[in-house]
Amino acid sequence: MSIPEQLNSSSRHSRQAALDPEDDARERLIVALDVPSASAAIGLIDQLESRCRWFKVGLELFVQAGPSILNVLAARGHSVFLDLKFHDIPNTVAGAVRSAADCGVRMMTVHALGGPAMLSAARDALARVANPPELLAVTVLTSMDGAQLSAVGLSDRASEQVERLAKVGLEAGIRGFVCSPQEVGLLRALAGTDAVLVIPGIRPVGTGVGDQKRVATPADALGQGASFLVVGRPITQAPDPAEAADRILQEMAAGLRSMTI
């Protein structure tokens, strides 16, 4: 069963019969293993694996540990979100997508700025893969605000750029996206109920934003239509990561509960 079939807004009420808000929250939380070594990642997995099914492997960890860390997660029964934001010529990206699929990841990212041909090549690379991973197009990084966009020659507001890139992705056959919490509602309306929306930039109530510019609380992001929430430093850099994860799960569960009332 594909991720959209397992988890999308249109099935929210039917899922409620099978999953209570606490279980649903654990299914939707992705912990970002943005750490510098396999040993640090495994230490976090040991503390957190009973609290979530998904872990994100990004550039820092993948460059240091390579595909072996994906094998560790798969052997423990976890779902892997490989967030390397592939952005290259179409043929190179297609090969990278196939290689990532061979590693057993369940979601992966390409960058929508790669353009229509690259996105189509990435989509086509999975056409013959049985039970393919979800392909997500990254729109605008959550660290980018108007000033950052202007510095690279983009005069549009972040929301306008997100919408433009999402339309490029949709036209290329992409049905999953990564965007900031501030654009969740926009993308949900644009992409429909079956789209998988993975949202970083999540900050629990009462915490700092760090280098992120466009953020929201867990409950707010879910209420806008997020499918999954990616949380890194508020959990992984906390004195007690398990306790921090529990607090975030409580916020998520409260938000999910309010959506069914």
# chains A, B, ... in the order shown; residues from 1 in each chain; ligands from 1
call {"tool": "residues_around", "arguments": {"residues": "Leu190 in chain A", "least_positions_apart": "5", "cutoff": "9 Å", "atoms": "only C-alpha atoms", "output": "count of residues only"}}
result
4
call {"tool": "residues_around", "arguments": {"residues": "Leu165 in chain A", "least_positions_apart": "6", "cutoff": "8 Å", "atoms": "only C-alpha atoms", "output": "PyMOL selection string"}}
result
chain A and resi 112-113+139
call {"tool": "closest_residue", "arguments": {"among": "A:Pro132, A:Asp145, A:Pro116, A:Leu222", "to": "Leu170 in chain A", "atoms": "only C-alpha atoms"}}
result
A:Pro116
call {"tool": "closest_residue", "arguments": {"among": "A:Ile199, A:Leu84, A:Ala221, A:Cys179", "to": "Thr109 in chain A", "atoms": "only C-alpha atoms"}}
result
A:Leu84
call {"tool": "decode", "arguments": {"residues": "range 114-238 of chain A", "atoms": "C-alpha atoms", "output": "PDB file, in the first residue's frame"}}
result
ATOM      1  CA  GLY A 114      15.884  21.152 -11.003  1.00  0.00           C
ATOM      2  CA  GLY A 115      13.065  21.839 -13.423  1.00  0.00           C
ATOM      3  CA  PRO A 116      10.426  19.874 -15.327  1.00  0.00           C
ATOM      4  CA  ALA A 117      12.784  17.531 -17.210  1.00  0.00           C
ATOM      5  CA  MET A 118      14.648  16.538 -14.058  1.00  0.00           C
ATOM      6  CA  LEU A 119      11.455  15.977 -12.085  1.00  0.00           C
ATOM      7  CA  SER A 120       9.959  13.883 -14.874  1.00  0.00           C
ATOM      8  CA  ALA A 121      13.137  11.783 -15.074  1.00  0.00           C
ATOM      9  CA  ALA A 122      13.014  11.200 -11.319  1.00  0.00           C
ATOM     10  CA  ARG A 123       9.376  10.129 -11.533  1.00  0.00           C
ATOM     11  CA  ASP A 124      10.040   7.842 -14.491  1.00  0.00           C
ATOM     12  CA  ALA A 125      12.950   6.197 -12.660  1.00  0.00           C
ATOM     13  CA  LEU A 126      10.450   4.704 -10.206  1.00  0.00           C
ATOM     14  CA  ALA A 127       7.913   3.586 -12.810  1.00  0.00           C
ATOM     15  CA  ARG A 128       9.092  -0.025 -12.803  1.00  0.00           C
ATOM     16  CA  VAL A 129       9.873  -0.279  -9.095  1.00  0.00           C
ATOM     17  CA  ALA A 130       7.545  -2.523  -7.119  1.00  0.00           C
ATOM     18  CA  ASN A 131       6.080  -0.678  -4.113  1.00  0.00           C
ATOM     19  CA  PRO A 132       8.088   2.455  -4.959  1.00  0.00           C
ATOM     20  CA  PRO A 133       9.080   5.029  -2.359  1.00  0.00           C
ATOM     21  CA  GLU A 134       7.266   8.346  -2.248  1.00  0.00           C
ATOM     22  CA  LEU A 135       9.039  10.993  -4.301  1.00  0.00           C
ATOM     23  CA  LEU A 136       8.897  14.432  -2.704  1.00  0.00           C
ATOM     24  CA  ALA A 137       9.743  17.692  -4.419  1.00  0.00           C
ATOM     25  CA  VAL A 138      11.357  20.282  -2.153  1.00  0.00           C
ATOM     26  CA  THR A 139       9.978  23.745  -2.843  1.00  0.00           C
ATOM     27  CA  VAL A 140      11.585  26.518  -0.746  1.00  0.00           C
ATOM     28  CA  LEU A 141      13.808  25.720   2.229  1.00  0.00           C
ATOM     29  CA  THR A 142      12.425  26.747   5.601  1.00  0.00           C
ATOM     30  CA  SER A 143      15.614  28.783   6.191  1.00  0.00           C
ATOM     31  CA  MET A 144      14.685  31.068   3.269  1.00  0.00           C
ATOM     32  CA  ASP A 145      12.704  34.253   3.775  1.00  0.00           C
ATOM     33  CA  GLY A 146      12.141  37.245   1.495  1.00  0.00           C
ATOM     34  CA  ALA A 147      15.642  38.622   2.032  1.00  0.00           C
ATOM     35  CA  GLN A 148      17.275  35.267   1.275  1.00  0.00           C
ATOM     36  CA  LEU A 149      15.200  34.794  -1.872  1.00  0.00           C
ATOM     37  CA  SER A 150      15.979  38.315  -3.055  1.00  0.00           C
ATOM     38  CA  ALA A 151      19.700  37.669  -2.581  1.00  0.00           C
ATOM     39  CA  VAL A 152      19.569  34.869  -5.168  1.00  0.00           C
ATOM     40  CA  GLY A 153      17.517  36.885  -7.632  1.00  0.00           C
ATOM     41  CA  LEU A 154      13.993  35.749  -6.728  1.00  0.00           C
ATOM     42  CA  SER A 155      11.705  38.704  -6.140  1.00  0.00           C
ATOM     43  CA  ASP A 156       8.577  36.690  -5.360  1.00  0.00           C
ATOM     44  CA  ARG A 157       7.385  36.053  -1.848  1.00  0.00           C
ATOM     45  CA  ALA A 158       8.184  32.610  -0.468  1.00  0.00           C
ATOM     46  CA  SER A 159       4.572  31.490  -0.830  1.00  0.00           C
ATOM     47  CA  GLU A 160       4.531  32.527  -4.492  1.00  0.00           C
ATOM     48  CA  GLN A 161       7.737  30.625  -5.193  1.00  0.00           C
ATOM     49  CA  VAL A 162       6.395  27.558  -3.371  1.00  0.00           C
ATOM     50  CA  GLU A 163       3.237  27.654  -5.479  1.00  0.00           C
ATOM     51  CA  ARG A 164       5.190  28.018  -8.725  1.00  0.00           C
ATOM     52  CA  LEU A 165       7.514  25.109  -7.953  1.00  0.00           C
ATOM     53  CA  ALA A 166       4.660  22.914  -6.745  1.00  0.00           C
ATOM     54  CA  LYS A 167       2.849  23.467 -10.044  1.00  0.00           C
ATOM     55  CA  VAL A 168       5.999  22.444 -11.902  1.00  0.00           C
ATOM     56  CA  GLY A 169       6.130  19.302  -9.791  1.00  0.00           C
ATOM     57  CA  LEU A 170       2.474  18.466 -10.327  1.00  0.00           C
ATOM     58  CA  GLU A 171       2.836  18.885 -14.074  1.00  0.00           C
ATOM     59  CA  ALA A 172       5.776  16.462 -13.941  1.00  0.00           C
ATOM     60  CA  GLY A 173       3.679  13.870 -12.118  1.00  0.00           C
ATOM     61  CA  ILE A 174       5.018  14.483  -8.599  1.00  0.00           C
ATOM     62  CA  ARG A 175       2.421  14.082  -5.846  1.00  0.00           C
ATOM     63  CA  GLY A 176       4.513  14.680  -2.732  1.00  0.00           C
ATOM     64  CA  PHE A 177       6.067  17.921  -1.520  1.00  0.00           C
ATOM     65  CA  VAL A 178       8.205  19.443   1.210  1.00  0.00           C
ATOM     66  CA  CYS A 179       7.350  22.976   2.245  1.00  0.00           C
ATOM     67  CA  SER A 180       7.348  25.162   5.328  1.00  0.00           C
ATOM     68  CA  PRO A 181       4.382  25.114   7.722  1.00  0.00           C
ATOM     69  CA  GLN A 182       3.252  28.453   6.332  1.00  0.00           C
ATOM     70  CA  GLU A 183       2.484  26.969   2.911  1.00  0.00           C
ATOM     71  CA  VAL A 184       0.771  23.744   3.989  1.00  0.00           C
ATOM     72  CA  GLY A 185      -2.741  25.035   3.414  1.00  0.00           C
ATOM     73  CA  LEU A 186      -1.771  26.463   0.030  1.00  0.00           C
ATOM     74  CA  LEU A 187      -0.266  23.165  -1.139  1.00  0.00           C
ATOM     75  CA  ARG A 188      -3.090  21.063   0.283  1.00  0.00           C
ATOM     76  CA  ALA A 189      -5.586  23.097  -1.739  1.00  0.00           C
ATOM     77  CA  LEU A 190      -3.382  23.001  -4.832  1.00  0.00           C
ATOM     78  CA  ALA A 191      -2.291  19.344  -4.763  1.00  0.00           C
ATOM     79  CA  GLY A 192      -5.414  17.743  -3.314  1.00  0.00           C
ATOM     80  CA  THR A 193      -6.197  15.323  -0.535  1.00  0.00           C
ATOM     81  CA  ASP A 194      -3.972  12.527  -1.854  1.00  0.00           C
ATOM     82  CA  ALA A 195      -0.781  14.614  -1.840  1.00  0.00           C
ATOM     83  CA  VAL A 196       1.831  13.712   0.758  1.00  0.00           C
ATOM     84  CA  LEU A 197       3.000  16.904   2.473  1.00  0.00           C
ATOM     85  CA  VAL A 198       6.099  16.567   4.636  1.00  0.00           C
ATOM     86  CA  ILE A 199       6.709  19.598   6.795  1.00  0.00           C
ATOM     87  CA  PRO A 200       9.989  20.653   8.484  1.00  0.00           C
ATOM     88  CA  GLY A 201      10.389  23.847  10.471  1.00  0.00           C
ATOM     89  CA  ILE A 202       8.370  22.460  13.362  1.00  0.00           C
ATOM     90  CA  ARG A 203       8.962  24.112  16.705  1.00  0.00           C
ATOM     91  CA  PRO A 204       7.055  23.070  19.843  1.00  0.00           C
ATOM     92  CA  VAL A 205       5.331  25.694  21.940  1.00  0.00           C
ATOM     93  CA  GLY A 206       7.871  27.769  23.872  1.00  0.00           C
ATOM     94  CA  THR A 207      11.035  26.880  21.894  1.00  0.00           C
ATOM     95  CA  GLY A 208      13.348  29.019  19.766  1.00  0.00           C
ATOM     96  CA  VAL A 209      13.364  28.975  15.962  1.00  0.00           C
ATOM     97  CA  GLY A 210      17.153  28.700  15.459  1.00  0.00           C
ATOM     98  CA  ASP A 211      18.102  29.341  11.822  1.00  0.00           C
ATOM     99  CA  GLN A 212      14.613  28.565  10.563  1.00  0.00           C
ATOM    100  CA  LYS A 213      12.528  31.447   9.210  1.00  0.00           C
ATOM    101  CA  ARG A 214       9.092  29.979   8.465  1.00  0.00           C
ATOM    102  CA  VAL A 215       7.972  27.768  11.346  1.00  0.00           C
ATOM    103  CA  ALA A 216       4.867  26.563  13.194  1.00  0.00           C
ATOM    104  CA  THR A 217       3.858  24.433  16.135  1.00  0.00           C
ATOM    105  CA  PRO A 218       3.018  20.756  15.581  1.00  0.00           C
ATOM    106  CA  ALA A 219      -0.711  21.278  16.118  1.00  0.00           C
ATOM    107  CA  ASP A 220      -0.853  24.235  13.739  1.00  0.00           C
ATOM    108  CA  ALA A 221       0.939  22.362  10.940  1.00  0.00           C
ATOM    109  CA  LEU A 222      -1.328  19.314  11.271  1.00  0.00           C
ATOM    110  CA  GLY A 223      -4.387  21.522  11.347  1.00  0.00           C
ATOM    111  CA  GLN A 224      -3.350  23.091   8.048  1.00  0.00           C
ATOM    112  CA  GLY A 225      -3.139  19.664   6.393  1.00  0.00           C
ATOM    113  CA  ALA A 226       0.377  18.292   6.974  1.00  0.00           C
ATOM    114  CA  SER A 227       0.804  14.550   6.403  1.00  0.00           C
ATOM    115  CA  PHE A 228       4.094  14.197   8.309  1.00  0.00           C
ATOM    116  CA  LEU A 229       6.127  16.480  10.563  1.00  0.00           C
ATOM    117  CA  VAL A 230       9.929  16.472  10.526  1.00  0.00           C
ATOM    118  CA  VAL A 231      11.483  17.416  13.863  1.00  0.00           C
ATOM    119  CA  GLY A 232      15.211  17.553  14.455  1.00  0.00           C
ATOM    120  CA  ARG A 233      16.981  19.772  16.961  1.00  0.00           C
ATOM    121  CA  PRO A 234      14.051  20.228  19.392  1.00  0.00           C
ATOM    122  CA  ILE A 235      14.368  16.469  19.964  1.00  0.00           C
ATOM    123  CA  THR A 236      17.931  15.491  19.089  1.00  0.00           C
ATOM    124  CA  GLN A 237      19.620  18.379  20.935  1.00  0.00           C
ATOM    125  CA  ALA A 238      17.389  18.208  24.002  1.00  0.00           C
TER     126      ALA A 238
END
